[in-house]
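File shown here: model-v2.pdb, holding PDB, C-alpha atoms, pLDDT in the B column.
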MODEL        1
ATOM      1  CA  MET A   1      74.031  -3.967 -20.154  1.00 69.00           C
ATOM      2  CA  SER A   2      70.569  -2.495 -20.263  1.00 78.00           C
ATOM      3  CA  LYS A   3      69.239  -0.199 -17.569  1.00 77.00           C
ATOM      4  CA  ASN A   4      66.460  -2.650 -16.533  1.00 75.00           C
ATOM      5  CA  LYS A   5      68.901  -5.559 -16.181  1.00 75.00           C
ATOM      6  CA  PHE A   6      71.244  -3.402 -14.089  1.00 72.00           C
ATOM      7  CA  LEU A   7      68.387  -2.334 -11.759  1.00 68.00           C
ATOM      8  CA  LYS A   8      67.270  -5.959 -11.325  1.00 74.00           C
ATOM      9  CA  ILE A   9      70.793  -7.062 -10.350  1.00 75.00           C
ATOM     10  CA  LEU A  10      71.211  -4.081  -7.998  1.00 67.00           C
ATOM     11  CA  PHE A  11      67.824  -4.706  -6.360  1.00 68.00           C
ATOM     12  CA  SER A  12      68.607  -8.433  -5.922  1.00 72.00           C
ATOM     13  CA  ALA A  13      71.990  -7.652  -4.358  1.00 69.00           C
ATOM     14  CA  LEU A  14      70.434  -5.135  -1.950  1.00 64.00           C
ATOM     15  CA  LEU A  15      67.729  -7.643  -0.994  1.00 63.00           C
ATOM     16  CA  ILE A  16      70.312 -10.372  -0.301  1.00 72.00           C
ATOM     17  CA  MET A  17      72.453  -8.010   1.795  1.00 66.00           C
ATOM     18  CA  THR A  18      69.402  -6.846   3.792  1.00 65.00           C
ATOM     19  CA  MET A  19      68.316 -10.410   4.505  1.00 65.00           C
ATOM     20  CA  ALA A  20      71.837 -11.440   5.524  1.00 60.00           C
ATOM     21  CA  PHE A  21      72.138  -8.458   7.878  1.00 59.00           C
ATOM     22  CA  THR A  22      68.773  -9.057   9.592  1.00 58.00           C
ATOM     23  CA  THR A  23      69.439 -12.777  10.046  1.00 55.00           C
ATOM     24  CA  THR A  24      72.874 -12.341  11.586  1.00 50.00           C
ATOM     25  CA  THR A  25      71.851  -9.553  13.967  1.00 46.00           C
ATOM     26  CA  SER A  26      68.850 -11.335  15.487  1.00 49.00           C
ATOM     27  CA  ALA A  27      69.021 -11.731  19.237  1.00 54.00           C
ATOM     28  CA  TYR A  28      68.893 -15.263  20.580  1.00 58.00           C
ATOM     29  CA  ALA A  29      67.443 -16.115  23.956  1.00 67.00           C
ATOM     30  CA  ALA A  30      69.570 -17.758  26.608  1.00 85.00           C
ATOM     31  CA  THR A  31      68.616 -21.226  27.770  1.00 91.00           C
ATOM     32  CA  GLY A  32      70.204 -23.558  30.245  1.00 92.00           C
ATOM     33  CA  THR A  33      70.008 -26.155  32.940  1.00 95.00           C
ATOM     34  CA  LYS A  34      70.657 -25.802  36.648  1.00 95.00           C
ATOM     35  CA  LYS A  35      71.002 -28.742  39.048  1.00 96.00           C
ATOM     36  CA  VAL A  36      70.551 -27.913  42.731  1.00 96.00           C
ATOM     37  CA  THR A  37      71.510 -30.546  45.286  1.00 95.00           C
ATOM     38  CA  SER A  38      70.726 -30.873  48.972  1.00 93.00           C
ATOM     39  CA  SER A  39      72.309 -32.759  51.821  1.00 90.00           C
ATOM     40  CA  GLY A  40      68.903 -32.762  53.521  1.00 94.00           C
ATOM     41  CA  LYS A  41      66.739 -35.777  54.247  1.00 97.00           C
ATOM     42  CA  MET A  42      63.052 -36.505  53.843  1.00 97.00           C
ATOM     43  CA  SER A  43      61.963 -38.671  56.784  1.00 98.00           C
ATOM     44  CA  ILE A  44      58.688 -39.996  58.131  1.00 97.00           C
ATOM     45  CA  VAL A  45      57.628 -42.157  61.089  1.00 96.00           C
ATOM     46  CA  LEU A  46      54.045 -43.447  61.188  1.00 96.00           C
ATOM     47  CA  ASN A  47      51.896 -45.757  63.252  1.00 95.00           C
ATOM     48  CA  LYS A  48      50.362 -48.743  61.486  1.00 94.00           C
ATOM     49  CA  GLY A  49      47.377 -47.588  59.375  1.00 95.00           C
ATOM     50  CA  GLN A  50      48.428 -43.915  59.366  1.00 96.00           C
ATOM     51  CA  THR A  51      49.073 -41.783  56.274  1.00 97.00           C
ATOM     52  CA  GLY A  52      51.188 -38.642  56.441  1.00 98.00           C
ATOM     53  CA  ASN A  53      53.777 -36.354  54.895  1.00 98.00           C
ATOM     54  CA  SER A  54      57.528 -36.540  55.403  1.00 98.00           C
ATOM     55  CA  SER A  55      59.773 -33.702  56.478  1.00 98.00           C
ATOM     56  CA  GLU A  56      60.621 -31.232  53.698  1.00 97.00           C
ATOM     57  CA  VAL A  57      63.870 -30.607  51.867  1.00 97.00           C
ATOM     58  CA  THR A  58      64.467 -27.056  50.617  1.00 97.00           C
ATOM     59  CA  PHE A  59      66.326 -25.958  47.465  1.00 97.00           C
ATOM     60  CA  ARG A  60      67.274 -22.342  46.790  1.00 96.00           C
ATOM     61  CA  VAL A  61      67.668 -21.524  43.111  1.00 96.00           C
ATOM     62  CA  SER A  62      69.429 -18.261  42.267  1.00 94.00           C
ATOM     63  CA  GLY A  63      71.903 -16.808  39.811  1.00 94.00           C
ATOM     64  CA  LEU A  64      69.754 -17.303  36.722  1.00 93.00           C
ATOM     65  CA  PRO A  65      68.661 -14.336  34.588  1.00 93.00           C
ATOM     66  CA  ALA A  66      65.874 -12.370  36.300  1.00 91.00           C
ATOM     67  CA  ASN A  67      63.372 -13.252  33.578  1.00 92.00           C
ATOM     68  CA  ALA A  68      64.308 -16.969  33.360  1.00 94.00           C
ATOM     69  CA  VAL A  69      61.277 -19.249  33.306  1.00 94.00           C
ATOM     70  CA  ILE A  70      60.998 -22.993  33.677  1.00 94.00           C
ATOM     71  CA  THR A  71      60.643 -25.109  30.549  1.00 94.00           C
ATOM     72  CA  LYS A  72      61.022 -28.406  32.449  1.00 95.00           C
ATOM     73  CA  LEU A  73      61.457 -29.374  36.114  1.00 96.00           C
ATOM     74  CA  GLU A  74      62.888 -32.700  37.236  1.00 96.00           C
ATOM     75  CA  VAL A  75      63.089 -33.987  40.796  1.00 97.00           C
ATOM     76  CA  ASN A  76      65.203 -36.863  42.070  1.00 97.00           C
ATOM     77  CA  PRO A  77      64.185 -37.838  45.635  1.00 96.00           C
ATOM     78  CA  GLY A  78      67.605 -39.336  46.324  1.00 96.00           C
ATOM     79  CA  SER A  79      68.728 -42.582  47.929  1.00 96.00           C
ATOM     80  CA  LEU A  80      66.669 -44.701  50.281  1.00 96.00           C
ATOM     81  CA  LYS A  81      68.768 -44.259  53.410  1.00 95.00           C
ATOM     82  CA  SER A  82      66.678 -46.354  55.795  1.00 94.00           C
ATOM     83  CA  TYR A  83      63.284 -47.962  56.228  1.00 92.00           C
ATOM     84  CA  SER A  84      61.467 -50.199  58.640  1.00 93.00           C
ATOM     85  CA  GLY A  85      58.073 -51.800  58.281  1.00 91.00           C
ATOM     86  CA  ALA A  86      55.894 -51.825  55.214  1.00 92.00           C
ATOM     87  CA  MET A  87      55.716 -48.203  54.102  1.00 95.00           C
ATOM     88  CA  LEU A  88      53.740 -47.490  50.907  1.00 96.00           C
ATOM     89  CA  THR A  89      54.862 -44.296  49.150  1.00 96.00           C
ATOM     90  CA  ASN A  90      51.890 -42.518  47.548  1.00 97.00           C
ATOM     91  CA  TYR A  91      53.313 -39.404  45.847  1.00 97.00           C
ATOM     92  CA  LEU A  92      55.923 -36.632  45.961  1.00 97.00           C
ATOM     93  CA  THR A  93      54.873 -33.018  46.605  1.00 97.00           C
ATOM     94  CA  ILE A  94      56.757 -30.119  44.989  1.00 97.00           C
ATOM     95  CA  ALA A  95      56.142 -26.521  46.071  1.00 96.00           C
ATOM     96  CA  SER A  96      57.701 -23.224  45.009  1.00 95.00           C
ATOM     97  CA  SER A  97      57.843 -19.694  46.363  1.00 94.00           C
ATOM     98  CA  ASN A  98      56.726 -18.599  42.867  1.00 90.00           C
ATOM     99  CA  ARG A  99      53.437 -20.530  42.906  1.00 89.00           C
ATOM    100  CA  SER A 100      50.481 -20.478  45.255  1.00 88.00           C
ATOM    101  CA  SER A 101      49.781 -24.205  44.950  1.00 90.00           C
ATOM    102  CA  ALA A 102      51.973 -27.280  45.187  1.00 92.00           C
ATOM    103  CA  GLU A 103      51.962 -30.161  42.732  1.00 95.00           C
ATOM    104  CA  LYS A 104      51.645 -33.843  43.579  1.00 95.00           C
ATOM    105  CA  VAL A 105      53.616 -36.188  41.328  1.00 95.00           C
ATOM    106  CA  SER A 106      52.890 -39.915  41.271  1.00 95.00           C
ATOM    107  CA  TRP A 107      55.790 -41.854  42.751  1.00 96.00           C
ATOM    108  CA  ASN A 108      56.113 -45.414  43.995  1.00 95.00           C
ATOM    109  CA  GLY A 109      59.039 -44.753  46.339  1.00 95.00           C
ATOM    110  CA  LYS A 110      61.786 -46.127  44.114  1.00 95.00           C
ATOM    111  CA  GLU A 111      65.073 -44.453  45.005  1.00 95.00           C
ATOM    112  CA  ASN A 112      67.062 -42.314  42.566  1.00 95.00           C
ATOM    113  CA  THR A 113      64.093 -41.944  40.233  1.00 94.00           C
ATOM    114  CA  THR A 114      63.812 -38.885  38.002  1.00 94.00           C
ATOM    115  CA  LEU A 115      60.308 -37.436  38.219  1.00 95.00           C
ATOM    116  CA  THR A 116      59.236 -34.782  35.715  1.00 92.00           C
ATOM    117  CA  THR A 117      56.526 -32.249  36.414  1.00 89.00           C
ATOM    118  CA  SER A 118      54.722 -30.006  33.970  1.00 85.00           C
ATOM    119  CA  GLY A 119      52.980 -27.937  36.638  1.00 87.00           C
ATOM    120  CA  PHE A 120      55.777 -25.388  36.836  1.00 90.00           C
ATOM    121  CA  LEU A 121      56.061 -24.556  33.121  1.00 90.00           C
ATOM    122  CA  ALA A 122      56.519 -20.816  32.495  1.00 90.00           C
ATOM    123  CA  SER A 123      56.967 -20.122  36.249  1.00 92.00           C
ATOM    124  CA  ARG A 124      59.897 -17.975  37.333  1.00 94.00           C
ATOM    125  CA  ALA A 125      62.967 -20.187  37.741  1.00 94.00           C
ATOM    126  CA  ASN A 126      64.744 -18.326  40.569  1.00 96.00           C
ATOM    127  CA  GLY A 127      63.156 -19.048  43.932  1.00 95.00           C
ATOM    128  CA  THR A 128      62.807 -21.526  46.774  1.00 96.00           C
ATOM    129  CA  TYR A 129      61.516 -25.047  46.160  1.00 97.00           C
ATOM    130  CA  THR A 130      60.516 -27.706  48.683  1.00 97.00           C
ATOM    131  CA  ILE A 131      59.843 -31.401  48.256  1.00 97.00           C
ATOM    132  CA  SER A 132      58.319 -34.010  50.561  1.00 98.00           C
ATOM    133  CA  PHE A 133      56.586 -37.337  50.123  1.00 98.00           C
ATOM    134  CA  ASN A 134      53.345 -38.864  51.332  1.00 98.00           C
ATOM    135  CA  CYS A 135      53.362 -42.372  52.765  1.00 97.00           C
ATOM    136  CA  THR A 136      51.037 -44.937  54.372  1.00 97.00           C
ATOM    137  CA  CYS A 137      52.253 -47.379  57.030  1.00 95.00           C
ATOM    138  CA  LEU A 138      50.804 -50.788  56.161  1.00 94.00           C
ATOM    139  CA  SER A 139      52.678 -52.677  58.863  1.00 89.00           C
ATOM    140  CA  GLY A 140      55.251 -51.856  61.469  1.00 82.00           C
ATOM    141  CA  ALA A 141      58.819 -53.083  61.704  1.00 79.00           C
ATOM    142  CA  ILE A 142      59.775 -56.513  63.026  1.00 80.00           C
ATOM    143  CA  SER A 143      61.977 -56.378  66.111  1.00 79.00           C
ATOM    144  CA  HIS A 144      63.032 -59.456  68.113  1.00 82.00           C
ATOM    145  CA  GLY A 145      60.367 -61.536  66.344  1.00 81.00           C
ATOM    146  CA  MET A 146      57.545 -59.102  67.172  1.00 81.00           C
ATOM    147  CA  ILE A 147      55.720 -56.826  64.745  1.00 77.00           C
ATOM    148  CA  LEU A 148      55.788 -53.265  66.053  1.00 82.00           C
ATOM    149  CA  ASP A 149      53.115 -50.680  65.323  1.00 90.00           C
ATOM    150  CA  ILE A 150      55.597 -48.146  63.896  1.00 93.00           C
ATOM    151  CA  GLY A 151      57.205 -47.872  60.457  1.00 93.00           C
ATOM    152  CA  SER A 152      59.665 -45.346  59.043  1.00 95.00           C
ATOM    153  CA  LYS A 153      61.310 -44.286  55.797  1.00 97.00           C
ATOM    154  CA  THR A 154      64.121 -41.829  54.970  1.00 97.00           C
ATOM    155  CA  TYR A 155      65.542 -40.577  51.648  1.00 97.00           C
ATOM    156  CA  SER A 156      68.802 -38.608  51.486  1.00 97.00           C
ATOM    157  CA  ASN A 157      70.653 -36.413  48.977  1.00 96.00           C
ATOM    158  CA  PRO A 158      67.749 -35.353  46.745  1.00 97.00           C
ATOM    159  CA  TYR A 159      68.188 -32.851  43.925  1.00 97.00           C
ATOM    160  CA  ILE A 160      66.190 -30.867  41.394  1.00 97.00           C
ATOM    161  CA  THR A 161      67.110 -29.946  37.834  1.00 97.00           C
ATOM    162  CA  ILE A 162      65.594 -26.838  36.295  1.00 96.00           C
ATOM    163  CA  TYR A 163      65.592 -26.344  32.554  1.00 96.00           C
ATOM    164  CA  TRP A 164      65.074 -22.659  31.818  1.00 95.00           C
ATOM    165  CA  ASP A 165      64.694 -20.120  29.045  1.00 93.00           C
ATOM    166  CA  ASP A 166      64.722 -16.318  29.214  1.00 88.00           C
ATOM    167  CA  SER A 167      62.973 -15.511  25.942  1.00 70.00           C
ATOM    168  CA  PHE A 168      59.510 -15.101  27.434  1.00 58.00           C
TER     169      PHE A 168
ENDMDL
END

Representation of the structure as structure tokens:
Amino acid sequence: MSKNKFLKILFSALLIMTMAFTTTTSAYAATGTKKVTSSGKMSIVLNKGQTGNSSEVTFRVSGLPANAVITKLEVNPGSLKSYSGAMLTNYLTIASSNRSSAEKVSWNGKENTTLTTSGFLASRANGTYTISFNCTCLSGAISHGMILDIGSKTYSNPYITIYWDDSF
């Protein structure tokens, strides 16, 4: 075997070994999903013609890597526990201890609906989150054949799901 051919084979073998070593020793980022539930309720009572915000439900997210950031945030407002009157749901508000402003997500009030928000992308994942909804009372409840001037709505057992990544 000639000297040039031997050097070509040796160089090729070294190149292949170097590439194999660098590919197998690369560090991969951790990713995951965390679902946080609450036994809390979002409730509202309004007079006919009024618009307002429900009570808040709080979620505390912890135990993720310190540098974990959100790649996707889903909110499920839970089950419609009770309602009276004609209550029009306008939107759901999501706030976080990691952001200075809340985000309003369009929502028609349908129970057990998964709402996705993009407003929290790249925000720190660990923290405290709150949700509430905004509603307008179109007409009060009917009681003993009379229309009252008050309507109400309550959702129970909401949860959030955080998709996170720590490679940022």

Applied to this file, what does the PyMOL selection byres ((chain A and resi 106-121) around 9) return in terms of residues, put as an MDAnalysis selection string? chainID A and resid 69:80 88:94 96 99 102:105 122:125 133 135 155 158

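Compared by their closest atoms to A:Ser167, and using all atoms listed in the file, the residues A:Ser100, A:Pro65, A:Thr58, A:Thr136 rank with A:Pro65 nearest.
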
Measuring between all atoms listed in the file, which one of A:Ile16, A:Ala86, A:Ile9, A:Leu64 shows the shortest distance to A:Lys35?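 Using all atoms listed in the file, the shortest distance to A:Lys35 belongs to A:Leu64.
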
Interatomic distance, atom CA of A:Ile131 to atom CA of A:Val36 (Å, one decimal): 12.5 Å

With only C-alpha atoms as the counted atoms, please give the residues lying no more than 9 Å from A:Ser55, apart from itself and same-chain residues fewer than 3 positions off, as a list in words. Lys41, Met42, Ser43, Ile44, Ile131, Ser132 and Phe133 of chain A
